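Visitor: Supplied structure: input07.csv, CSV, C-alpha atoms (C1' of nucleotides).
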chain,number,residue,atom,x,y,z
L,1,MET,CA,-39.2,-13.5,-3.0
L,2,LYS,CA,-40.6,-13.2,-6.4
L,3,PRO,CA,-38.4,-10.8,-8.1
L,4,ARG,CA,-36.1,-13.6,-8.9
L,5,LYS,CA,-37.8,-14.2,-12.1
L,6,ARG,CA,-37.2,-10.6,-13.0
L,7,LYS,CA,-33.6,-10.9,-12.4
L,8,ARG,CA,-33.6,-13.6,-14.9
L,9,LEU,CA,-35.0,-11.4,-17.5
L,10,GLU,CA,-32.6,-8.7,-16.7
L,11,ALA,CA,-29.8,-11.1,-16.8
L,12,ALA,CA,-30.6,-11.6,-20.4
L,13,GLY,CA,-29.7,-8.1,-21.6
L,14,TRP,CA,-27.2,-7.1,-19.2
L,15,ARG,CA,-24.1,-5.3,-18.8
L,16,VAL,CA,-22.0,-5.5,-15.8
L,17,GLY,CA,-21.7,-2.2,-14.2
L,18,ASP,CA,-24.7,-0.2,-15.1
L,19,ALA,CA,-27.5,-2.6,-15.0
L,20,ALA,CA,-28.9,-2.5,-11.6
L,21,GLU,CA,-29.6,1.1,-11.6
L,22,PHE,CA,-32.9,0.8,-13.4
L,23,LEU,CA,-34.4,-1.5,-11.0
L,24,GLY,CA,-35.8,-0.6,-7.7
L,25,LEU,CA,-33.2,-2.5,-5.8
L,26,SER,CA,-32.2,-1.4,-2.4
L,27,GLY,CA,-28.5,-0.8,-1.8
L,28,GLU,CA,-27.8,-4.0,-0.3
L,29,GLU,CA,-29.5,-6.1,-2.8
L,30,ARG,CA,-27.8,-4.2,-5.5
L,31,ALA,CA,-24.4,-4.7,-4.0
L,32,LEU,CA,-25.0,-8.4,-3.7
L,33,LEU,CA,-26.2,-8.7,-7.2
L,34,GLU,CA,-23.2,-6.9,-8.5
L,35,LEU,CA,-20.9,-9.0,-6.5
L,36,ARG,CA,-22.5,-12.2,-7.8
L,37,LEU,CA,-22.1,-11.1,-11.3
L,38,ALA,CA,-18.5,-10.2,-10.9
L,39,LEU,CA,-17.9,-13.6,-9.3
L,40,ALA,CA,-19.7,-15.4,-12.1
L,41,ASP,CA,-17.7,-13.5,-14.6
L,42,GLU,CA,-14.5,-14.4,-12.8
L,43,VAL,CA,-15.4,-18.0,-12.9
L,44,ARG,CA,-15.9,-18.1,-16.6
L,45,HIS,CA,-12.8,-16.1,-17.1
L,46,THR,CA,-10.6,-18.3,-15.0
L,47,ARG,CA,-12.1,-21.4,-16.3
L,48,THR,CA,-11.6,-20.6,-20.0
L,49,SER,CA,-8.2,-19.3,-19.4
L,50,GLN,CA,-7.3,-22.7,-18.0
L,51,GLY,CA,-8.8,-24.5,-20.9
L,52,THR,CA,-11.2,-26.3,-18.6
L,53,THR,CA,-14.7,-27.2,-19.8
L,54,GLN,CA,-17.9,-26.6,-17.8
L,55,ALA,CA,-18.3,-30.4,-17.6
L,56,GLN,CA,-14.9,-30.8,-16.0
L,57,LEU,CA,-15.5,-28.0,-13.5
L,58,ALA,CA,-18.8,-29.5,-12.7
L,59,GLU,CA,-17.2,-32.8,-12.0
L,60,ARG,CA,-14.7,-31.3,-9.6
L,61,LEU,CA,-17.6,-29.6,-7.9
L,62,GLY,CA,-19.7,-32.7,-7.7
L,63,SER,CA,-22.2,-30.8,-9.8
L,64,SER,CA,-23.4,-30.9,-13.3
L,65,GLN,CA,-22.6,-29.1,-16.5
L,66,SER,CA,-26.0,-27.4,-16.6
L,67,ARG,CA,-25.5,-25.9,-13.2
L,68,VAL,CA,-22.1,-24.5,-14.2
L,69,ALA,CA,-23.7,-23.0,-17.2
L,70,LYS,CA,-26.3,-21.3,-15.2
L,71,LEU,CA,-23.7,-20.3,-12.7
L,72,GLU,CA,-21.6,-18.5,-15.3
L,73,ALA,CA,-24.7,-16.9,-16.7
L,74,GLY,CA,-25.5,-15.3,-13.4
L,75,ASP,CA,-28.7,-17.2,-13.0
L,76,PRO,CA,-30.3,-16.3,-9.7
L,77,SER,CA,-30.9,-20.0,-9.0
L,78,VAL,CA,-27.3,-20.4,-8.1
L,79,SER,CA,-26.1,-19.4,-4.6
L,80,ALA,CA,-23.1,-17.4,-3.7
L,81,ASP,CA,-21.8,-20.6,-2.0
L,82,LEU,CA,-21.7,-22.4,-5.3
L,83,LEU,CA,-20.0,-19.5,-6.9
L,84,LEU,CA,-17.3,-19.4,-4.3
L,85,ARG,CA,-16.9,-23.2,-4.4
L,86,ALA,CA,-16.4,-22.9,-8.1
L,87,LEU,CA,-13.8,-20.2,-7.8
L,88,PHE,CA,-11.9,-22.2,-5.2
L,89,ALA,CA,-12.2,-25.3,-7.3
L,90,LEU,CA,-10.6,-23.4,-10.1
L,91,GLY,CA,-7.7,-22.5,-7.8
L,92,VAL,CA,-8.5,-18.9,-7.4
L,93,SER,CA,-6.7,-17.6,-4.3
L,94,MET,CA,-8.1,-15.4,-1.6
L,95,ARG,CA,-5.9,-12.7,-3.0
L,96,ASP,CA,-7.4,-13.0,-6.4
L,97,LEU,CA,-10.8,-13.0,-4.9
L,98,ALA,CA,-10.0,-9.9,-2.9
L,99,GLU,CA,-9.0,-8.2,-6.1
L,100,VAL,CA,-12.2,-9.0,-7.8
L,101,VAL,CA,-14.2,-7.7,-4.9
L,102,ALA,CA,-12.0,-4.6,-4.7
L,103,SER,CA,-12.6,-3.9,-8.4
L,104,LEU,CA,-16.2,-3.3,-7.6
L,105,LYS,CA,-15.7,-0.8,-4.9
L,106,GLY,CA,-17.2,2.2,-6.6
L,107,VAL,CA,-20.0,0.6,-8.3
L,108,GLY,CA,-21.1,3.3,-10.5
L,109,GLY,CA,-18.6,3.7,-13.1
L,110,ARG,CA,-16.1,1.0,-13.3
L,111,GLY,CA,-12.6,1.8,-12.7
L,112,GLY,CA,-13.9,4.3,-10.3
L,113,ALA,CA,-11.0,4.8,-8.1
L,114,ARG,CA,-12.6,8.1,-7.3
L,115,GLY,CA,-15.4,8.0,-4.9
L,116,ARG,CA,-14.2,7.6,-1.4
L,117,SER,CA,-17.7,7.1,-0.2
L,118,ARG,CA,-17.0,6.1,3.2
L,119,ARG,CA,-20.0,6.8,5.1
L,120,ARG,CA,-22.2,5.2,7.6
L,121,PRO,CA,-25.2,3.4,6.4
L,122,ASP,CA,-28.0,5.5,7.6
L,123,PRO,CA,-28.6,6.9,10.9
L,124,ARG,CA,-32.3,6.9,10.8
L,125,ARG,CA,-34.1,4.6,13.0
H,1,MET,CA,-24.1,-34.0,-0.6
H,2,LYS,CA,-23.5,-35.6,2.6
H,3,PRO,CA,-20.5,-33.7,4.1
H,4,ARG,CA,-22.9,-31.1,5.2
H,5,LYS,CA,-23.8,-33.1,8.2
H,6,ARG,CA,-20.2,-33.3,9.0
H,7,LYS,CA,-19.8,-29.6,9.0
H,8,ARG,CA,-22.5,-29.4,11.6
H,9,LEU,CA,-20.7,-31.7,13.9
H,10,GLU,CA,-17.5,-29.9,13.4
H,11,ALA,CA,-19.1,-26.6,14.0
H,12,ALA,CA,-19.9,-27.8,17.4
H,13,GLY,CA,-16.4,-28.1,18.7
H,14,TRP,CA,-14.6,-25.7,16.7
H,15,ARG,CA,-11.7,-23.3,16.7
H,16,VAL,CA,-11.1,-20.7,14.2
H,17,GLY,CA,-7.9,-21.2,12.5
H,18,ASP,CA,-6.7,-24.7,13.1
H,19,ALA,CA,-9.9,-26.7,12.8
H,20,ALA,CA,-10.2,-27.6,9.2
H,21,GLU,CA,-6.8,-29.2,9.2
H,22,PHE,CA,-8.0,-32.3,11.0
H,23,LEU,CA,-10.9,-32.9,8.8
H,24,GLY,CA,-10.6,-34.4,5.5
H,25,LEU,CA,-11.6,-31.2,3.8
H,26,SER,CA,-10.4,-30.6,0.3
H,27,GLY,CA,-8.8,-27.4,-0.3
H,28,GLU,CA,-11.8,-25.7,-1.8
H,29,GLU,CA,-14.1,-26.7,1.0
H,30,ARG,CA,-11.5,-25.5,3.5
H,31,ALA,CA,-11.1,-22.2,1.8
H,32,LEU,CA,-14.9,-21.7,1.7
H,33,LEU,CA,-15.3,-22.5,5.3
H,34,GLU,CA,-12.6,-20.2,6.2
H,35,LEU,CA,-14.0,-17.4,4.2
H,36,ARG,CA,-17.4,-17.9,5.8
H,37,LEU,CA,-16.0,-17.7,9.2
H,38,ALA,CA,-14.1,-14.6,8.4
H,39,LEU,CA,-17.3,-13.0,7.1
H,40,ALA,CA,-19.3,-14.1,10.1
H,41,ASP,CA,-16.7,-12.6,12.2
H,42,GLU,CA,-16.8,-9.4,10.3
H,43,VAL,CA,-20.5,-9.2,10.7
H,44,ARG,CA,-20.4,-9.4,14.4
H,45,HIS,CA,-17.6,-7.0,14.6
H,46,THR,CA,-19.2,-4.4,12.4
H,47,ARG,CA,-22.5,-4.8,14.1
H,48,THR,CA,-21.3,-4.4,17.6
H,49,SER,CA,-19.0,-1.5,16.7
H,50,GLN,CA,-22.1,0.2,15.5
H,51,GLY,CA,-24.0,-0.5,18.6
H,52,THR,CA,-26.6,-2.4,16.6
H,53,THR,CA,-28.3,-5.4,18.1
H,54,GLN,CA,-28.9,-8.7,16.4
H,55,ALA,CA,-32.6,-8.1,16.4
H,56,GLN,CA,-32.2,-4.7,14.7
H,57,LEU,CA,-30.0,-6.2,12.0
H,58,ALA,CA,-32.4,-9.0,11.6
H,59,GLU,CA,-35.2,-6.5,11.0
H,60,ARG,CA,-33.2,-4.7,8.3
H,61,LEU,CA,-32.6,-8.0,6.7
H,62,GLY,CA,-36.2,-9.1,6.9
H,63,SER,CA,-35.0,-12.0,9.0
H,64,SER,CA,-35.1,-13.0,12.6
H,65,GLN,CA,-32.8,-12.6,15.6
H,66,SER,CA,-32.1,-16.3,15.8
H,67,ARG,CA,-30.9,-16.5,12.3
H,68,VAL,CA,-28.5,-13.6,12.9
H,69,ALA,CA,-27.2,-15.4,15.9
H,70,LYS,CA,-26.5,-18.5,13.9
H,71,LEU,CA,-25.1,-16.4,11.2
H,72,GLU,CA,-22.5,-14.9,13.5
H,73,ALA,CA,-21.8,-18.3,15.0
H,74,GLY,CA,-20.8,-19.6,11.7
H,75,ASP,CA,-23.6,-22.1,11.7
H,76,PRO,CA,-23.5,-24.1,8.5
H,77,SER,CA,-27.2,-23.6,8.1
H,78,VAL,CA,-26.6,-20.0,6.9
H,79,SER,CA,-25.6,-19.5,3.4
H,80,ALA,CA,-22.9,-17.2,2.0
H,81,ASP,CA,-25.7,-15.2,0.5
H,82,LEU,CA,-27.1,-14.3,3.8
H,83,LEU,CA,-23.7,-13.5,5.2
H,84,LEU,CA,-23.1,-11.1,2.4
H,85,ARG,CA,-26.6,-9.5,2.7
H,86,ALA,CA,-25.9,-9.0,6.3
H,87,LEU,CA,-22.6,-7.3,5.6
H,88,PHE,CA,-24.1,-5.0,3.1
H,89,ALA,CA,-27.0,-4.3,5.3
H,90,LEU,CA,-24.5,-3.1,7.9
H,91,GLY,CA,-23.1,-0.7,5.4
H,92,VAL,CA,-19.9,-2.6,4.7
H,93,SER,CA,-18.4,-1.4,1.5
H,94,MET,CA,-16.8,-3.5,-1.2
H,95,ARG,CA,-13.5,-2.1,-0.2
H,96,ASP,CA,-14.0,-3.3,3.4
H,97,LEU,CA,-15.1,-6.6,2.1
H,98,ALA,CA,-12.1,-6.9,-0.1
H,99,GLU,CA,-9.9,-6.2,2.8
H,100,VAL,CA,-11.5,-9.0,4.9
H,101,VAL,CA,-10.9,-11.4,2.1
H,102,ALA,CA,-7.4,-10.3,1.5
H,103,SER,CA,-6.6,-10.8,5.2
H,104,LEU,CA,-7.1,-14.5,4.6
H,105,LYS,CA,-4.8,-14.8,1.7
H,106,GLY,CA,-2.2,-16.9,3.3
H,107,VAL,CA,-4.0,-18.9,5.8
H,108,GLY,CA,-2.8,-22.1,4.9
H,109,GLY,CA,-1.3,-24.4,7.0
H,110,ARG,CA,0.9,-23.0,9.2
H,111,GLY,CA,2.0,-19.9,10.0
H,112,GLY,CA,-0.3,-17.5,10.9
H,113,ALA,CA,-3.1,-17.6,13.1
H,114,ARG,CA,-2.6,-19.9,15.7
H,115,GLY,CA,-5.6,-19.9,17.7
H,116,ARG,CA,-7.3,-16.9,18.7
H,117,SER,CA,-4.6,-14.3,18.5
H,118,ARG,CA,-5.1,-13.6,14.9
H,119,ARG,CA,-7.1,-10.5,14.9
H,120,ARG,CA,-6.6,-8.0,12.3
H,121,PRO,CA,-6.2,-4.5,13.6
H,122,ASP,CA,-9.6,-3.2,12.8
H,123,PRO,CA,-11.1,-2.9,9.4
H,124,ARG,CA,-12.7,0.3,10.0
H,125,ARG,CA,-10.7,3.3,9.0
U,1,DA,C1',-34.8,-11.3,43.8
U,2,DC,C1',-37.0,-9.7,40.0
U,3,DG,C1',-37.4,-8.1,35.5
U,4,DC,C1',-35.3,-7.0,31.2
U,5,DG,C1',-32.6,-6.6,27.1
U,6,DG,C1',-29.3,-9.1,24.3
U,7,DC,C1',-27.7,-13.4,22.7
U,8,DA,C1',-27.8,-18.6,21.9
U,9,DT,C1',-30.0,-23.0,20.6
U,10,DG,C1',-33.6,-26.0,18.9
U,11,DT,C1',-37.4,-27.1,16.1
U,12,DC,C1',-41.0,-26.5,12.7
U,13,DC,C1',-42.6,-26.0,7.7
U,14,DG,C1',-42.7,-23.3,3.7
U,15,DA,C1',-39.3,-21.3,0.3
U,16,DT,C1',-35.4,-22.0,-2.6
U,17,DG,C1',-31.2,-24.1,-4.4
U,18,DT,C1',-29.2,-28.4,-6.3
U,19,DG,C1',-28.0,-32.3,-9.2
U,20,DA,C1',-29.5,-35.1,-12.9
U,21,DC,C1',-31.5,-35.5,-17.1
U,22,DA,C1',-33.3,-34.2,-21.6
U,23,DT,C1',-32.8,-31.3,-25.4
U,24,DA,C1',-31.1,-27.8,-28.6
U,25,DG,C1',-27.8,-24.6,-30.8
U,26,DG,C1',-23.1,-23.7,-32.3
U,27,DC,C1',-18.6,-25.1,-34.3
U,28,DA,C1',-14.9,-27.7,-36.1
U,29,DC,C1',-13.3,-31.6,-38.5
U,30,DC,C1',-13.6,-35.5,-41.4
R,1,DG,C1',-24.2,-34.8,-44.1
R,2,DG,C1',-22.7,-36.8,-39.9
R,3,DT,C1',-20.1,-37.0,-35.6
R,4,DG,C1',-18.3,-35.3,-31.6
R,5,DC,C1',-17.5,-31.6,-28.3
R,6,DC,C1',-18.9,-27.5,-25.7
R,7,DT,C1',-22.4,-24.7,-24.0
R,8,DA,C1',-27.3,-23.0,-23.0
R,9,DT,C1',-32.0,-23.7,-21.3
R,10,DG,C1',-35.9,-26.1,-19.2
R,11,DT,C1',-37.9,-29.4,-15.9
R,12,DC,C1',-38.2,-32.2,-11.7
R,13,DA,C1',-37.6,-34.7,-7.2
R,14,DC,C1',-35.2,-33.9,-3.3
R,15,DA,C1',-32.1,-31.8,0.0
R,16,DT,C1',-31.1,-27.7,2.2
R,17,DC,C1',-32.0,-23.0,3.7
R,18,DG,C1',-34.8,-19.4,5.8
R,19,DG,C1',-38.1,-17.0,8.9
R,20,DA,C1',-40.8,-17.6,12.9
R,21,DC,C1',-41.5,-19.1,17.3
R,22,DA,C1',-40.2,-21.1,21.8
R,23,DT,C1',-37.0,-21.4,25.4
R,24,DG,C1',-32.9,-20.8,28.1
R,25,DC,C1',-28.7,-18.3,29.7
R,26,DC,C1',-26.3,-14.3,31.2
R,27,DG,C1',-25.3,-9.7,32.7
R,28,DC,C1',-27.2,-5.4,34.5
R,29,DG,C1',-29.9,-2.0,36.6
R,30,DT,C1',-33.6,-1.2,40.0
As structure tokens, what does this structure read like?
Guide:
Amino acid sequence: MKPRKRKRLEAAGWRVGDAAEFLGLSGEERALLELRLALADEVRHTRTSQGTTQAQLAERLGSSQSRVAKLEAGDPSVSADLLLRALFALGVSMRDLAEVVASLKGVGGRGGARGRSRRRPDPRR
Amino acid sequence: MKPRKRKRLEAAGWRVGDAAEFLGLSGEERALLELRLALADEVRHTRTSQGTTQAQLAERLGSSQSRVAKLEAGDPSVSADLLLRALFALGVSMRDLAEVVASLKGVGGRGGARGRSRRRPDPRR
DNA sequence: ACGCGGCATGTCCGATGTGACATAGGCACC
DNA sequence: GGTGCCTATGTCACATCGGACATGCCGCGT
């Protein structure tokens, strides 16, 4: 897909939480994007709070500093796999991970404990 | 890296829950593997409970039936990205996803999950 | 038995992620 | 100013992933 480049651009001036709305992203793409950003954010957060450098993390991952930088920047060229590996390499537990995911539940406004949007995808066929 | 090949082999004769222990998998690789399997499981589960076929899901994803099959089989050739896209395409919410992740929190060595019995109630409310 | 729909497995080849490297900006400290 | 450390960005060769296609297996209804 080509829109990858676009994502890059967006990634530039971005704000977790309300960005994707502008774009013509389908629900699933949107959710995935959001999740990725949240994970990227979590990586940086955890890393810095541990006093670890990008280079050190890279080494643990068998990767390179530049990739870690891109990773944390939410660059589309990094896969979810790498994001997850990074998190685990930092010692993030499943529980922590679950919390991060859970914090995105309502997409729209953060903190949205409100919407109990529990509905089926879409019955059309 | 090379250990990818290994994963393939392992994937052949596999058993959810107690497999990774034998292999020389580092904690992070192990966690990732486990997460992937749980997600794959969740895909199949959600899909079947909706009465959707692999082919239909594949179409929604812009993919093919064979890939979905591999996906659900936990084949290493499918990325976490695809796994997540599949879940979202099935209408799984962040909340549901978080629950799946949370259900793995303790899987460490012992304890839980021996073999196949470890089936969580049923994610759907 | 036959056909059929759903799933699994294997193999291509084009698309994309990955590590390594180079390079630059920002800071702190001497 | 100069040095060292951390991070950001770009590029590239190579490995892996991804969709498509082919094929086989299995259960089921006719």
Visitor: Provide as a PDB file with C-alpha atoms (C1' of nucleotides), in the frame of the given file the residues of chain U at most 12 Å from chain H, counting only C-alpha atoms (C1' of nucleotides).
Guide:
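Saved file part_8.pdb follows:
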ATOM      1  C1'  DG U   5     -32.600  -6.600  27.100  1.00  0.00           C
ATOM      2  C1'  DG U   6     -29.300  -9.100  24.300  1.00  0.00           C
ATOM      3  C1'  DC U   7     -27.700 -13.400  22.700  1.00  0.00           C
ATOM      4  C1'  DA U   8     -27.800 -18.600  21.900  1.00  0.00           C
ATOM      5  C1'  DT U   9     -30.000 -23.000  20.600  1.00  0.00           C
ATOM      6  C1'  DG U  10     -33.600 -26.000  18.900  1.00  0.00           C
ATOM      7  C1'  DT U  16     -35.400 -22.000  -2.600  1.00  0.00           C
ATOM      8  C1'  DG U  17     -31.200 -24.100  -4.400  1.00  0.00           C
ATOM      9  C1'  DT U  18     -29.200 -28.400  -6.300  1.00  0.00           C
ATOM     10  C1'  DG U  19     -28.000 -32.300  -9.200  1.00  0.00           C
TER      11       DG U  19
END
Visitor: Expressed in Å to a single decimal, how great is the separation between CA of Arg60 (chain L) and CA of Leu33 (chain L)?
Guide: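 A separation of 25.5 Å between them.
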Visitor: Distance cut-off 6 Å, counting all atoms listed in the file - which residues of chain L neighbour chain H? Return them as a ChimeraX atom specification.
Guide: /L:28,80-81,88-89,94-95,98,101-102,105,121
Visitor: How far is it from CA of His45 (chain L) to CA of Leu71 (chain L), in Å with one decimal?
Guide: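 Spanning CA of His45 (chain L) to CA of Leu71 (chain L) is a straight-line distance of 12.5 Å.
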Visitor: At a cut-off of 12 Å, list the chain R residues touching chain L, using all atoms listed in the file, as a VMD selection string.
Guide: chain R and resid 5 to 10 16 to 18
Visitor: Mind giving me the straight-line distance from C1' of DA20 (chain U) to CA of Glu59 (chain L) in Å, one decimal?
Guide: 12.5 Å
Visitor: Place a sphere of radius 8 Å on (-36.2, -19.3, 8.9) in the file coordinates and name every protein, DNA or RNA residue with an atom inside or on its surface, counting all atoms listed in the file; give the answer as a list of chain:residue names.
Guide: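 In the file's frame, the residues around the point are H:Ser63, H:Ser64, H:Arg67, R:DC17, R:DG18, R:DG19, R:DA20.
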Visitor: Please rebuild region 81-98 of chain H with N, CA and C atoms and return the result as an mmCIF file, in the coordinates of the input.
Guide:
data_model
loop_
_atom_site.group_PDB
_atom_site.id
_atom_site.type_symbol
_atom_site.label_atom_id
_atom_site.label_comp_id
_atom_site.auth_asym_id
_atom_site.auth_seq_id
_atom_site.Cartn_x
_atom_site.Cartn_y
_atom_site.Cartn_z
ATOM 1 N N ASP H 81 -24.830 -16.236 0.937
ATOM 2 C CA ASP H 81 -25.700 -15.200 0.500
ATOM 3 C C ASP H 81 -26.155 -14.321 1.666
ATOM 4 N N LEU H 82 -26.637 -15.005 2.667
ATOM 5 C CA LEU H 82 -27.100 -14.300 3.800
ATOM 6 C C LEU H 82 -26.022 -13.537 4.511
ATOM 7 N N LEU H 83 -24.904 -14.163 4.565
ATOM 8 C CA LEU H 83 -23.700 -13.500 5.200
ATOM 9 C C LEU H 83 -23.439 -12.209 4.451
ATOM 10 N N LEU H 84 -23.437 -12.267 3.164
ATOM 11 C CA LEU H 84 -23.100 -11.100 2.400
ATOM 12 C C LEU H 84 -24.234 -10.028 2.542
ATOM 13 N N ARG H 85 -25.461 -10.494 2.522
ATOM 14 C CA ARG H 85 -26.600 -9.500 2.700
ATOM 15 C C ARG H 85 -26.428 -8.820 4.012
ATOM 16 N N ALA H 86 -26.057 -9.574 5.019
ATOM 17 C CA ALA H 86 -25.900 -9.000 6.300
ATOM 18 C C ALA H 86 -24.805 -7.923 6.327
ATOM 19 N N LEU H 87 -23.719 -8.255 5.697
ATOM 20 C CA LEU H 87 -22.600 -7.300 5.600
ATOM 21 C C LEU H 87 -23.041 -6.011 4.937
ATOM 22 N N PHE H 88 -23.679 -6.179 3.816
ATOM 23 C CA PHE H 88 -24.100 -5.000 3.100
ATOM 24 C C PHE H 88 -25.129 -4.210 3.850
ATOM 25 N N ALA H 89 -25.990 -4.936 4.522
ATOM 26 C CA ALA H 89 -27.000 -4.300 5.300
ATOM 27 C C ALA H 89 -26.388 -3.448 6.432
ATOM 28 N N LEU H 90 -25.210 -3.839 6.814
ATOM 29 C CA LEU H 90 -24.500 -3.100 7.900
ATOM 30 C C LEU H 90 -23.728 -1.939 7.290
ATOM 31 N N GLY H 91 -23.756 -1.840 5.999
ATOM 32 C CA GLY H 91 -23.100 -0.700 5.400
ATOM 33 C C GLY H 91 -21.605 -1.005 5.050
ATOM 34 N N VAL H 92 -21.250 -2.254 5.059
ATOM 35 C CA VAL H 92 -19.900 -2.600 4.700
ATOM 36 C C VAL H 92 -19.680 -2.377 3.216
ATOM 37 N N SER H 93 -18.636 -1.727 2.878
ATOM 38 C CA SER H 93 -18.400 -1.400 1.500
ATOM 39 C C SER H 93 -17.608 -2.556 0.809
ATOM 40 N N MET H 94 -17.580 -2.522 -0.491
ATOM 41 C CA MET H 94 -16.800 -3.500 -1.200
ATOM 42 C C MET H 94 -15.372 -3.464 -0.815
ATOM 43 N N ARG H 95 -14.929 -2.280 -0.585
ATOM 44 C CA ARG H 95 -13.500 -2.100 -0.200
ATOM 45 C C ARG H 95 -13.263 -2.843 1.101
ATOM 46 N N ASP H 96 -14.133 -2.614 2.062
ATOM 47 C CA ASP H 96 -14.000 -3.300 3.400
ATOM 48 C C ASP H 96 -13.999 -4.784 3.171
ATOM 49 N N LEU H 97 -14.947 -5.203 2.369
ATOM 50 C CA LEU H 97 -15.100 -6.600 2.100
ATOM 51 C C LEU H 97 -13.835 -7.202 1.508
ATOM 52 N N ALA H 98 -13.315 -6.484 0.565
ATOM 53 C CA ALA H 98 -12.100 -6.900 -0.100
ATOM 54 C C ALA H 98 -10.969 -7.080 0.920
#
